[in-house]
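Quick look at data_12.tsv (TSV, N, CA and C atoms):
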chain	number	residue	atom	x	y	z
L	211	MET	N	-71.99	-28.68	11.60
L	211	MET	CA	-71.12	-29.70	12.14
L	211	MET	C	-70.38	-29.15	13.35
L	212	SER	N	-70.26	-29.95	14.38
L	212	SER	CA	-69.56	-29.57	15.60
L	212	SER	C	-68.09	-29.27	15.31
L	213	LEU	N	-67.56	-28.32	16.04
L	213	LEU	CA	-66.14	-27.98	15.90
L	213	LEU	C	-65.25	-29.19	16.12
L	214	LEU	N	-65.54	-29.98	17.15
L	214	LEU	CA	-64.70	-31.14	17.46
L	214	LEU	C	-64.77	-32.21	16.38
L	215	ARG	N	-65.89	-32.34	15.71
L	215	ARG	CA	-66.01	-33.34	14.63
L	215	ARG	C	-65.18	-32.97	13.41
L	216	LYS	N	-64.93	-31.67	13.21
L	216	LYS	CA	-64.15	-31.23	12.06
L	216	LYS	C	-62.66	-31.54	12.22
L	217	MET	N	-62.20	-31.62	13.47
L	217	MET	CA	-60.76	-31.78	13.73
L	217	MET	C	-60.31	-33.23	13.62
L	218	SER	N	-59.07	-33.41	13.15
L	218	SER	CA	-58.52	-34.76	13.18
L	218	SER	C	-58.19	-35.09	14.64
L	219	GLN	N	-58.23	-36.38	14.96
L	219	GLN	CA	-58.04	-36.82	16.33
L	219	GLN	C	-57.20	-38.08	16.36
L	220	HIS	N	-56.53	-38.27	17.49
L	220	HIS	CA	-55.81	-39.51	17.72
L	220	HIS	C	-55.66	-39.70	19.23
L	221	ILE	N	-55.29	-40.89	19.62
L	221	ILE	CA	-55.05	-41.16	21.03
L	221	ILE	C	-53.59	-40.82	21.33
L	222	GLY	N	-53.39	-39.97	22.35
L	222	GLY	CA	-52.05	-39.54	22.73
L	222	GLY	C	-51.30	-40.61	23.49
L	223	TRP	N	-50.03	-40.34	23.78
L	223	TRP	CA	-49.18	-41.29	24.50
L	223	TRP	C	-49.74	-41.61	25.89
L	224	ASP	N	-50.54	-40.68	26.44
L	224	ASP	CA	-51.11	-40.88	27.77
L	224	ASP	C	-52.49	-41.54	27.74
L	225	GLY	N	-52.96	-41.92	26.54
L	225	GLY	CA	-54.25	-42.58	26.40
L	225	GLY	C	-55.42	-41.62	26.23
L	226	ASN	N	-55.18	-40.33	26.29
L	226	ASN	CA	-56.24	-39.34	26.12
L	226	ASN	C	-56.43	-38.98	24.66
L	227	LEU	N	-57.65	-38.57	24.32
L	227	LEU	CA	-57.96	-38.14	22.96
L	227	LEU	C	-57.31	-36.78	22.71
L	228	VAL	N	-56.58	-36.66	21.60
L	228	VAL	CA	-55.90	-35.42	21.24
L	228	VAL	C	-56.55	-34.88	19.96
L	229	TYR	N	-56.93	-33.60	20.00
L	229	TYR	CA	-57.51	-32.94	18.82
L	229	TYR	C	-56.44	-32.13	18.13
L	230	GLN	N	-56.36	-32.26	16.80
L	230	GLN	CA	-55.39	-31.52	16.01
L	230	GLN	C	-56.14	-30.62	15.04
L	231	PRO	N	-56.34	-29.37	15.42
L	231	PRO	CA	-57.10	-28.47	14.56
L	231	PRO	C	-56.27	-27.96	13.39
L	232	LYS	N	-56.98	-27.53	12.37
L	232	LYS	CA	-56.37	-26.78	11.28
L	232	LYS	C	-56.74	-25.33	11.53
L	233	ILE	N	-55.97	-24.44	11.03
L	233	ILE	CA	-56.25	-23.03	11.26
L	233	ILE	C	-57.62	-22.64	10.70
L	234	GLU	N	-58.06	-23.32	9.63
L	234	GLU	CA	-59.37	-23.03	9.04
L	234	GLU	C	-60.51	-23.35	10.00
L	235	ASP	N	-60.26	-24.24	10.97
L	235	ASP	CA	-61.29	-24.59	11.95
L	235	ASP	C	-61.70	-23.40	12.81
L	236	MET	N	-60.88	-22.37	12.84
L	236	MET	CA	-61.16	-21.19	13.65
L	236	MET	C	-62.14	-20.23	12.98
L	237	LEU	N	-62.27	-20.32	11.67
L	237	LEU	CA	-63.11	-19.38	10.93
L	237	LEU	C	-64.56	-19.43	11.41
L	238	GLY	N	-65.14	-18.27	11.62
L	238	GLY	CA	-66.53	-18.15	12.04
L	238	GLY	C	-66.75	-18.26	13.54
L	239	LEU	N	-65.73	-18.69	14.28
L	239	LEU	CA	-65.88	-18.81	15.73
L	239	LEU	C	-65.80	-17.44	16.40
L	240	VAL	N	-66.47	-17.33	17.53
L	240	VAL	CA	-66.42	-16.11	18.35
L	240	VAL	C	-65.59	-16.45	19.58
L	241	PHE	N	-64.52	-15.72	19.78
L	241	PHE	CA	-63.62	-15.97	20.91
L	241	PHE	C	-63.96	-15.05	22.07
L	242	THR	N	-63.91	-15.62	23.28
L	242	THR	CA	-64.20	-14.85	24.49
L	242	THR	C	-62.94	-14.28	25.11
L	243	ASP	N	-61.78	-14.81	24.71
L	243	ASP	CA	-60.51	-14.32	25.25
L	243	ASP	C	-59.39	-14.71	24.28
L	244	VAL	N	-58.48	-13.79	24.05
L	244	VAL	CA	-57.28	-14.05	23.24
L	244	VAL	C	-56.10	-13.48	24.01
L	245	THR	N	-55.11	-14.34	24.33
L	245	THR	CA	-53.95	-13.90	25.11
L	245	THR	C	-52.67	-14.40	24.47
L	246	GLU	N	-51.56	-13.73	24.79
L	246	GLU	CA	-50.25	-14.17	24.29
L	246	GLU	C	-49.19	-13.97	25.35
L	247	SER	N	-48.18	-14.82	25.25
L	247	SER	CA	-46.95	-14.69	26.03
L	247	SER	C	-45.81	-14.85	25.03
L	248	VAL	N	-44.60	-14.95	25.49
L	248	VAL	CA	-43.45	-15.05	24.59
L	248	VAL	C	-43.54	-16.27	23.68
L	249	ASP	N	-44.05	-17.39	24.22
L	249	ASP	CA	-44.03	-18.63	23.45
L	249	ASP	C	-45.40	-19.30	23.31
L	250	GLU	N	-46.49	-18.53	23.50
L	250	GLU	CA	-47.81	-19.13	23.41
L	250	GLU	C	-48.86	-18.09	23.03
L	251	LEU	N	-49.81	-18.52	22.22
L	251	LEU	CA	-50.95	-17.70	21.83
L	251	LEU	C	-52.19	-18.55	22.07
L	252	ARG	N	-53.19	-18.01	22.80
L	252	ARG	CA	-54.38	-18.77	23.17
L	252	ARG	C	-55.64	-18.05	22.71
L	253	PHE	N	-56.55	-18.83	22.07
L	253	PHE	CA	-57.85	-18.35	21.62
L	253	PHE	C	-58.91	-19.18	22.32
L	254	LYS	N	-59.67	-18.58	23.23
L	254	LYS	CA	-60.69	-19.32	23.98
L	254	LYS	C	-62.07	-19.09	23.37
L	255	CYS	N	-62.80	-20.19	23.13
L	255	CYS	CA	-64.17	-20.13	22.62
L	255	CYS	C	-65.04	-21.05	23.48
L	256	ALA	N	-66.32	-21.15	23.16
L	256	ALA	CA	-67.26	-21.93	23.96
L	256	ALA	C	-66.86	-23.40	24.08
L	257	GLU	N	-66.30	-23.98	23.02
L	257	GLU	CA	-65.98	-25.41	23.04
L	257	GLU	C	-64.60	-25.74	23.58
L	258	GLY	N	-63.74	-24.72	23.75
L	258	GLY	CA	-62.40	-24.97	24.27
L	258	GLY	C	-61.43	-23.87	23.88
L	259	THR	N	-60.15	-24.23	23.84
L	259	THR	CA	-59.09	-23.25	23.58
L	259	THR	C	-58.12	-23.76	22.52
L	260	PHE	N	-57.90	-22.93	21.50
L	260	PHE	CA	-56.85	-23.17	20.52
L	260	PHE	C	-55.55	-22.65	21.11
L	261	ILE	N	-54.50	-23.48	21.09
L	261	ILE	CA	-53.22	-23.09	21.67
L	261	ILE	C	-52.14	-23.19	20.60
L	262	PHE	N	-51.51	-22.06	20.31
L	262	PHE	CA	-50.38	-21.99	19.40
L	262	PHE	C	-49.13	-21.96	20.28
L	263	SER	N	-48.25	-22.95	20.12
L	263	SER	CA	-47.04	-23.04	20.94
L	263	SER	C	-46.08	-24.00	20.26
L	264	HIS	N	-45.03	-24.37	20.98
L	264	HIS	CA	-44.08	-25.36	20.47
L	264	HIS	C	-43.58	-26.18	21.65
L	265	ASP	N	-43.65	-27.50	21.53
L	265	ASP	CA	-43.12	-28.38	22.57
L	265	ASP	C	-41.63	-28.56	22.32
L	266	GLU	N	-40.82	-27.88	23.11
L	266	GLU	CA	-39.37	-27.90	22.90
L	266	GLU	C	-38.80	-29.27	23.23
L	267	GLU	N	-37.88	-29.73	22.37
L	267	GLU	CA	-37.25	-31.02	22.57
L	267	GLU	C	-35.84	-30.88	23.14
L	268	CYS	N	-35.02	-30.06	22.53
L	268	CYS	CA	-33.62	-29.98	22.96
L	268	CYS	C	-32.98	-28.68	22.53
L	269	CYS	N	-32.67	-28.62	21.27
L	269	CYS	CA	-31.80	-27.57	20.75
L	269	CYS	C	-32.52	-26.63	19.80
L	270	GLU	N	-33.73	-26.19	20.20
L	270	GLU	CA	-34.48	-25.29	19.37
L	270	GLU	C	-35.29	-24.34	20.24
L	271	SER	N	-35.74	-23.28	19.66
L	271	SER	CA	-36.69	-22.39	20.32
L	271	SER	C	-37.64	-21.85	19.27
L	272	VAL	N	-38.90	-21.68	19.66
L	272	VAL	CA	-39.92	-21.13	18.78
L	272	VAL	C	-40.70	-20.13	19.62
L	273	GLU	N	-40.61	-18.86	19.24
L	273	GLU	CA	-41.21	-17.80	20.05
L	273	GLU	C	-41.92	-16.78	19.18
L	274	ILE	N	-42.86	-16.06	19.80
L	274	ILE	CA	-43.52	-14.96	19.12
L	274	ILE	C	-42.52	-13.81	19.03
L	275	GLU	N	-42.23	-13.37	17.83
L	275	GLU	CA	-41.28	-12.28	17.61
L	275	GLU	C	-41.98	-10.94	17.64
L	276	SER	N	-43.23	-10.89	17.13
L	276	SER	CA	-43.98	-9.64	17.18
L	276	SER	C	-45.48	-9.89	16.97
L	277	VAL	N	-46.27	-8.97	17.50
L	277	VAL	CA	-47.71	-8.94	17.28
L	277	VAL	C	-48.05	-7.54	16.79
L	278	VAL	N	-48.63	-7.47	15.61
L	278	VAL	CA	-49.04	-6.19	15.04
L	278	VAL	C	-50.57	-6.16	15.07
L	279	GLY	N	-51.12	-5.21	15.75
L	279	GLY	CA	-52.57	-5.11	15.91
L	279	GLY	C	-52.94	-5.39	17.35
L	280	ASP	N	-54.22	-5.24	17.65
L	280	ASP	CA	-54.73	-5.42	19.01
L	280	ASP	C	-55.46	-6.76	19.10
L	281	LEU	N	-54.94	-7.67	19.92
L	281	LEU	CA	-55.56	-8.99	20.07
L	281	LEU	C	-57.01	-8.88	20.53
L	282	GLN	N	-57.36	-7.83	21.23
L	282	GLN	CA	-58.74	-7.67	21.71
L	282	GLN	C	-59.71	-7.43	20.55
L	283	ASP	N	-59.21	-7.04	19.39
L	283	ASP	CA	-60.06	-6.91	18.21
L	283	ASP	C	-60.58	-8.27	17.73
L	284	LEU	N	-59.97	-9.35	18.23
L	284	LEU	CA	-60.36	-10.71	17.84
L	284	LEU	C	-61.38	-11.32	18.80
L	285	VAL	N	-61.79	-10.55	19.82
L	285	VAL	CA	-62.72	-11.02	20.84
L	285	VAL	C	-64.12	-10.49	20.56
L	286	GLY	N	-65.12	-11.37	20.69
L	286	GLY	CA	-66.52	-10.95	20.64
L	286	GLY	C	-67.13	-10.82	19.26
L	287	GLU	N	-66.39	-11.11	18.22
L	287	GLU	CA	-66.88	-11.05	16.84
L	287	GLU	C	-66.43	-12.32	16.12
L	288	PRO	N	-67.20	-12.79	15.12
L	288	PRO	CA	-66.76	-13.97	14.36
L	288	PRO	C	-65.42	-13.72	13.65
L	289	LEU	N	-64.57	-14.73	13.69
L	289	LEU	CA	-63.28	-14.63	13.00
L	289	LEU	C	-63.51	-14.79	11.50
L	290	LEU	N	-63.09	-13.80	10.74
L	290	LEU	CA	-63.31	-13.79	9.29
L	290	LEU	C	-62.07	-14.22	8.50
L	291	LEU	N	-60.90	-14.09	9.11
L	291	LEU	CA	-59.64	-14.44	8.45
L	291	LEU	C	-58.77	-15.20	9.43
L	292	ALA	N	-58.24	-16.34	9.00
L	292	ALA	CA	-57.29	-17.13	9.79
L	292	ALA	C	-56.37	-17.81	8.78
L	293	GLU	N	-55.14	-17.30	8.66
L	293	GLU	CA	-54.20	-17.83	7.66
L	293	GLU	C	-52.82	-18.04	8.28
L	294	GLU	N	-52.14	-19.05	7.76
L	294	GLU	CA	-50.75	-19.30	8.14
L	294	GLU	C	-49.90	-19.24	6.88
L	295	SER	N	-48.72	-18.63	7.00
L	295	SER	CA	-47.78	-18.64	5.88
L	295	SER	C	-46.35	-18.63	6.42
L	296	ASP	N	-45.44	-19.12	5.61
L	296	ASP	CA	-44.01	-19.06	5.93
L	296	ASP	C	-43.41	-17.92	5.14
L	297	GLY	N	-42.30	-17.41	5.62
L	297	GLY	CA	-41.71	-16.30	4.89
L	297	GLY	C	-40.23	-16.15	5.12
L	298	GLU	N	-39.69	-15.17	4.44
L	298	GLU	CA	-38.27	-14.83	4.53
L	298	GLU	C	-38.04	-13.93	5.74
L	299	THR	N	-36.80	-13.78	6.13
L	299	THR	CA	-36.46	-12.87	7.21
L	299	THR	C	-36.81	-11.45	6.79
L	300	PRO	N	-37.60	-10.74	7.61
L	300	PRO	CA	-37.94	-9.36	7.27
L	300	PRO	C	-36.67	-8.51	7.13
L	301	ALA	N	-36.68	-7.58	6.19
L	301	ALA	CA	-35.50	-6.76	5.89
L	301	ALA	C	-34.99	-6.01	7.12
L	302	GLU	N	-35.91	-5.58	8.00
L	302	GLU	CA	-35.50	-4.79	9.16
L	302	GLU	C	-34.99	-5.63	10.32
L	303	TYR	N	-35.05	-6.99	10.20
L	303	TYR	CA	-34.68	-7.86	11.31
L	303	TYR	C	-33.20	-8.22	11.24
L	304	THR	N	-32.53	-8.14	12.40
L	304	THR	CA	-31.12	-8.52	12.51
L	304	THR	C	-30.98	-9.57	13.60
L	305	PHE	N	-30.38	-10.70	13.26
L	305	PHE	CA	-30.13	-11.75	14.25
L	305	PHE	C	-29.00	-11.32	15.16
L	306	GLU	N	-29.17	-11.56	16.46
L	306	GLU	CA	-28.09	-11.30	17.41
L	306	GLU	C	-26.95	-12.29	17.15
L	307	ASN	N	-27.31	-13.57	17.08
L	307	ASN	CA	-26.39	-14.65	16.70
L	307	ASN	C	-27.16	-15.50	15.70
L	308	GLU	N	-26.82	-15.41	14.43
L	308	GLU	CA	-27.60	-16.12	13.41
L	308	GLU	C	-27.54	-17.62	13.65
L	309	PRO	N	-28.73	-18.26	13.77
L	309	PRO	CA	-28.77	-19.71	14.01
L	309	PRO	C	-28.41	-20.49	12.76
L	310	GLU	N	-28.11	-21.78	12.96
L	310	GLU	CA	-27.80	-22.64	11.82
L	310	GLU	C	-29.02	-22.81	10.92
L	311	SER	N	-30.20	-22.81	11.54
L	311	SER	CA	-31.44	-22.99	10.79
L	311	SER	C	-32.53	-22.16	11.46
L	312	TYR	N	-33.44	-21.62	10.65
L	312	TYR	CA	-34.55	-20.85	11.23
L	312	TYR	C	-35.75	-20.87	10.29
L	313	THR	N	-36.92	-20.67	10.87
L	313	THR	CA	-38.17	-20.64	10.12
L	313	THR	C	-39.03	-19.50	10.65
L	314	TRP	N	-39.50	-18.66	9.74
L	314	TRP	CA	-40.46	-17.61	10.09
L	314	TRP	C	-41.85	-18.14	9.76
L	315	THR	N	-42.79	-18.01	10.70
L	315	THR	CA	-44.18	-18.40	10.47
L	315	THR	C	-45.05	-17.20	10.81
L	316	PHE	N	-45.95	-16.87	9.90
L	316	PHE	CA	-46.82	-15.72	10.07
L	316	PHE	C	-48.27	-16.18	10.17
L	317	TYR	N	-48.99	-15.63	11.11
L	317	TYR	CA	-50.42	-15.89	11.26
L	317	TYR	C	-51.15	-14.58	11.10
L	318	LYS	N	-52.22	-14.62	10.30
L	318	LYS	CA	-53.05	-13.44	10.07
L	318	LYS	C	-54.46	-13.76	10.53
L	319	PHE	N	-55.00	-12.89	11.38
L	319	PHE	CA	-56.34	-13.05	11.92
L	319	PHE	C	-57.10	-11.75	11.76
L	320	ALA	N	-58.42	-11.85	11.53
L	320	ALA	CA	-59.22	-10.63	11.43
L	320	ALA	C	-60.67	-10.89	11.78
L	321	THR	N	-61.28	-9.88	12.37
L	321	THR	CA	-62.72	-9.80	12.56
L	321	THR	C	-63.13	-8.47	11.95
L	322	ARG	N	-64.40	-8.12	12.03
L	322	ARG	CA	-64.80	-6.82	11.49
L	322	ARG	C	-64.28	-5.67	12.36
L	323	LYS	N	-63.80	-5.99	13.58
L	323	LYS	CA	-63.24	-4.97	14.47
L	323	LYS	C	-61.79	-4.64	14.13
L	324	GLY	N	-61.05	-5.57	13.53
L	324	GLY	CA	-59.65	-5.30	13.24
L	324	GLY	C	-58.87	-6.51	12.78
L	325	TYR	N	-57.60	-6.26	12.51
L	325	TYR	CA	-56.68	-7.23	11.91
L	325	TYR	C	-55.46	-7.39	12.81
L	326	VAL	N	-54.98	-8.63	12.96
L	326	VAL	CA	-53.80	-8.90	13.78
L	326	VAL	C	-52.86	-9.81	12.99
L	327	ASP	N	-51.57	-9.47	13.00
L	327	ASP	CA	-50.52	-10.27	12.36
L	327	ASP	C	-49.56	-10.71	13.46
L	328	VAL	N	-49.38	-12.04	13.60
L	328	VAL	CA	-48.47	-12.58	14.62
L	328	VAL	C	-47.31	-13.24	13.91
L	329	ARG	N	-46.10	-12.79	14.24
L	329	ARG	CA	-44.88	-13.28	13.59
L	329	ARG	C	-44.10	-14.13	14.59
L	330	TRP	N	-43.87	-15.40	14.22
L	330	TRP	CA	-43.11	-16.35	15.05
L	330	TRP	C	-41.75	-16.61	14.41
L	331	LEU	N	-40.76	-16.83	15.25
L	331	LEU	CA	-39.43	-17.21	14.78
L	331	LEU	C	-39.01	-18.49	15.47
L	332	GLY	N	-38.72	-19.53	14.65
L	332	GLY	CA	-38.20	-20.79	15.16
L	332	GLY	C	-36.74	-20.91	14.78
L	333	GLU	N	-35.90	-21.25	15.76
L	333	GLU	CA	-34.46	-21.39	15.54
L	333	GLU	C	-33.99	-22.74	16.05
L	334	SER	N	-33.01	-23.34	15.35
L	334	SER	CA	-32.46	-24.61	15.82
L	334	SER	C	-31.08	-24.85	15.21
L	335	ASN	N	-30.54	-26.01	15.57
L	335	ASN	CA	-29.27	-26.43	14.98
L	335	ASN	C	-29.51	-27.17	13.66
L	336	GLY	N	-30.76	-27.23	13.21
L	336	GLY	CA	-31.10	-27.87	11.95
L	336	GLY	C	-31.64	-29.27	12.08
L	337	TYR	N	-31.59	-29.83	13.29
L	337	TYR	CA	-32.07	-31.19	13.50
L	337	TYR	C	-33.42	-31.26	14.21
L	338	TYR	N	-33.94	-30.12	14.64
L	338	TYR	CA	-35.18	-30.09	15.40
L	338	TYR	C	-36.21	-29.21	14.71
L	339	SER	N	-37.48	-29.47	15.00
L	339	SER	CA	-38.56	-28.71	14.41
L	339	SER	C	-38.52	-27.25	14.85
L	340	GLU	N	-38.82	-26.38	13.92
L	340	GLU	CA	-38.89	-24.94	14.19
L	340	GLU	C	-40.32	-24.44	13.96
L	341	ARG	N	-41.26	-25.37	13.92
L	341	ARG	CA	-42.65	-25.07	13.58
L	341	ARG	C	-43.48	-24.74	14.82
L	342	VAL	N	-44.51	-23.97	14.59
L	342	VAL	CA	-45.51	-23.68	15.62
L	342	VAL	C	-46.51	-24.84	15.61
L	343	ASP	N	-46.84	-25.36	16.78
L	343	ASP	CA	-47.83	-26.42	16.91
L	343	ASP	C	-49.16	-25.78	17.30
L	344	VAL	N	-50.25	-26.26	16.71
L	344	VAL	CA	-51.58	-25.79	17.07
L	344	VAL	C	-52.32	-26.96	17.70
L	345	LYS	N	-52.78	-26.75	18.93
L	345	LYS	CA	-53.51	-27.79	19.66
L	345	LYS	C	-54.86	-27.24	20.08
L	346	PHE	N	-55.72	-28.13	20.52
L	346	PHE	CA	-57.03	-27.72	21.02
L	346	PHE	C	-57.31	-28.42	22.33
L	347	GLU	N	-57.62	-27.65	23.37
L	347	GLU	CA	-58.03	-28.20	24.66
L	347	GLU	C	-59.54	-28.05	24.77
L	348	VAL	N	-60.23	-29.15	24.99
L	348	VAL	CA	-61.68	-29.13	25.12
L	348	VAL	C	-62.05	-28.48	26.46
L	349	ALA	N	-63.08	-27.62	26.43
L	349	ALA	CA	-63.54	-26.97	27.65
L	349	ALA	C	-64.07	-28.00	28.63
L	350	ALA	N	-63.82	-27.77	29.88
L	350	ALA	CA	-64.27	-28.72	30.93
L	350	ALA	C	-65.76	-28.66	31.15

Kindly return the structure encoded in the file as structure tokens.
Amino acid sequence: MSLLRKMSQHIGWDGNLVYQPKIEDMLGLVFTDVTESVDELRFKCAEGTFIFSHDEECCESVEIESVVGDLQDLVGEPLLLAEESDGETPAEYTFENEPESYTWTFYKFATRKGYVDVRWLGESNGYYSERVDVKFEVAA
């Protein structure tokens, strides 16, 4: 089955088709590039790009707090592990200014070359989403 057929879809506010992947949709895919910035993680494959990010509304932030492992280990080999989990504040972590509300989201990825753990921290005043959004952009 085609990758795009597995994903749920809807028409966006702009009239374009929007694909909403599940993390499991990444399993078995071979990525040609994996990159990260403070607030975005991108996995590029033949059919397009998985984008982990957060569309900020007002009073929240969702950023990558740490990456353990080498993202290049996820390139050129089939992805064998792709998991998302929520968790508690790590014991070694200290908030500079503790937010009213926060969410830790952990992503675990692996190929036969290696394992990568990406830790995201979402903070808000409690009225806005602190979740990581996963989107898919179809290759041109």

Practice task
Could you check how far atom C of L:Trp223 sits from atom N of L:Met236, in Å to one decimal?
Solution key: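 One can read the atom C of L:Trp223 to atom N of L:Met236 distance as 25.8 Å.
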
Practice task
Write down as number ranges by chain the residues of chain L whose backbone DSSP state falls under strand (DSSP E or B).
Solution key: L: 218-221, 227-230, 240-241, 243-247, 250-255, 258-263, 270-278, 285, 288, 291-297, 311-321, 324-334, 343-348

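Coordinates place atom C of L:Glu246 at a distance of 17.9 Å from atom N of L:Glu333.
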
Practice task
Write out as a ChimeraX atom specification which residues come within 6 Å of stretch 260-277 of chain L when counting all atoms listed in the file, dropping same-chain ones fewer than 5 positions away.
Solution key: /L:248-255,327-335,340-347

Exercise for the section: Please provide as a VMD selection string all residues within 7 Å of L:Leu239, with the sequence filter that same-chain residues fewer than 6 positions apart are discarded (counting all atoms listed in the file). Expected result: chain L and resid 255 287 to 290

Practice task
Tell me which of L:Leu227, L:Val240, L:Met217, L:Val278 sits closest to L:Ala256, counting all atoms listed in the file.
Solution key: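 Of L:Leu227, L:Val240, L:Met217, L:Val278, the one nearest L:Ala256, counting all atoms listed in the file, is L:Val240.
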
Practice task
Name the residues in contact with L:Asp280 at a cut-off of 6 Å, using all atoms listed in the file, excluding same-chain residues fewer than 4 positions from it; report them as a PyMOL selection string.
Solution key: chain L and resi 284+325-326

Exercise for the section: Would you work out the distance separating atom C of L:Thr299 from atom N of L:Thr321, expressed in Å to one decimal? Expected result: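 Going from atom C of L:Thr299 over to atom N of L:Thr321 covers 25.1 Å.
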
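Nearest to L:Ala350 of all the residues L:Asn307, L:Thr259, L:Thr313, L:Ser295 is L:Thr259, based on all atoms listed in the file.
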
Run DSSP on the backbone of this structure and report the residues of stretch 226-298 of chain L it assigns to helix (DSSP H, G or I), as a PDB file with N, CA and C atoms, in the coordinates of the input.
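The file below, result.pdb, is the result:
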ATOM      1  N   ILE L 233     -55.970 -24.440  11.030  1.00  0.00           N
ATOM      2  CA  ILE L 233     -56.250 -23.030  11.260  1.00  0.00           C
ATOM      3  C   ILE L 233     -57.620 -22.640  10.700  1.00  0.00           C
ATOM      4  N   GLU L 234     -58.060 -23.320   9.630  1.00  0.00           N
ATOM      5  CA  GLU L 234     -59.370 -23.030   9.040  1.00  0.00           C
ATOM      6  C   GLU L 234     -60.510 -23.350  10.000  1.00  0.00           C
ATOM      7  N   ASP L 235     -60.260 -24.240  10.970  1.00  0.00           N
ATOM      8  CA  ASP L 235     -61.290 -24.590  11.950  1.00  0.00           C
ATOM      9  C   ASP L 235     -61.700 -23.400  12.810  1.00  0.00           C
ATOM     10  N   MET L 236     -60.880 -22.370  12.840  1.00  0.00           N
ATOM     11  CA  MET L 236     -61.160 -21.190  13.650  1.00  0.00           C
ATOM     12  C   MET L 236     -62.140 -20.230  12.980  1.00  0.00           C
ATOM     13  N   LEU L 281     -54.940  -7.670  19.920  1.00  0.00           N
ATOM     14  CA  LEU L 281     -55.560  -8.990  20.070  1.00  0.00           C
ATOM     15  C   LEU L 281     -57.010  -8.880  20.530  1.00  0.00           C
ATOM     16  N   GLN L 282     -57.360  -7.830  21.230  1.00  0.00           N
ATOM     17  CA  GLN L 282     -58.740  -7.670  21.710  1.00  0.00           C
ATOM     18  C   GLN L 282     -59.710  -7.430  20.550  1.00  0.00           C
ATOM     19  N   ASP L 283     -59.210  -7.040  19.390  1.00  0.00           N
ATOM     20  CA  ASP L 283     -60.060  -6.910  18.210  1.00  0.00           C
ATOM     21  C   ASP L 283     -60.580  -8.270  17.730  1.00  0.00           C
ATOM     22  N   LEU L 284     -59.970  -9.350  18.230  1.00  0.00           N
ATOM     23  CA  LEU L 284     -60.360 -10.710  17.840  1.00  0.00           C
ATOM     24  C   LEU L 284     -61.380 -11.320  18.800  1.00  0.00           C
TER      25      LEU L 284
END

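Distances here use only C-alpha atoms; by that measure, the residue among L:Leu214, L:Leu281, L:Val228, L:Leu291 closest to L:Arg322 is L:Leu291.
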
Exercise for the section: Rank nothing, just name the residue among L:Thr315, L:Tyr229, L:Pro309, L:Asp235 nearest to L:Gly336, using only N, CA and C atoms. Expected result: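 Going through L:Thr315, L:Tyr229, L:Pro309, L:Asp235 one by one, the smallest distance to L:Gly336 is for L:Pro309.
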
Enclosing box along x, y and z for every listed atom of stretch 236-243 of chain L, padded 3 Å each side, centre and size in Å, one decimal, as AutoDock Vina command-line options:
--center_x -63.1 --center_y -18.3 --center_z 18.1 --size_x 13.4 --size_y 14.1 --size_z 20.3

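Comparing the minimum interatomic distances between L:Thr245 and each of L:Lys318, L:Ala292, L:Gly258, L:Gln282, counting all atoms listed in the file, we find that L:Gln282 sits nearest.
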
Exercise for the section: Excluding L:Glu293 and residues on its chain fewer than 6 positions from it, collect all residues at most 6.5 Å away from it, counting all atoms listed in the file, and give them as number ranges by chain. Expected result: L: 233, 316-319

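Across L:Tyr337, L:Gly286, L:Asn226, L:Ala349, the tightest approach to L:Val244 is made by L:Gly286 when counting all atoms listed in the file.
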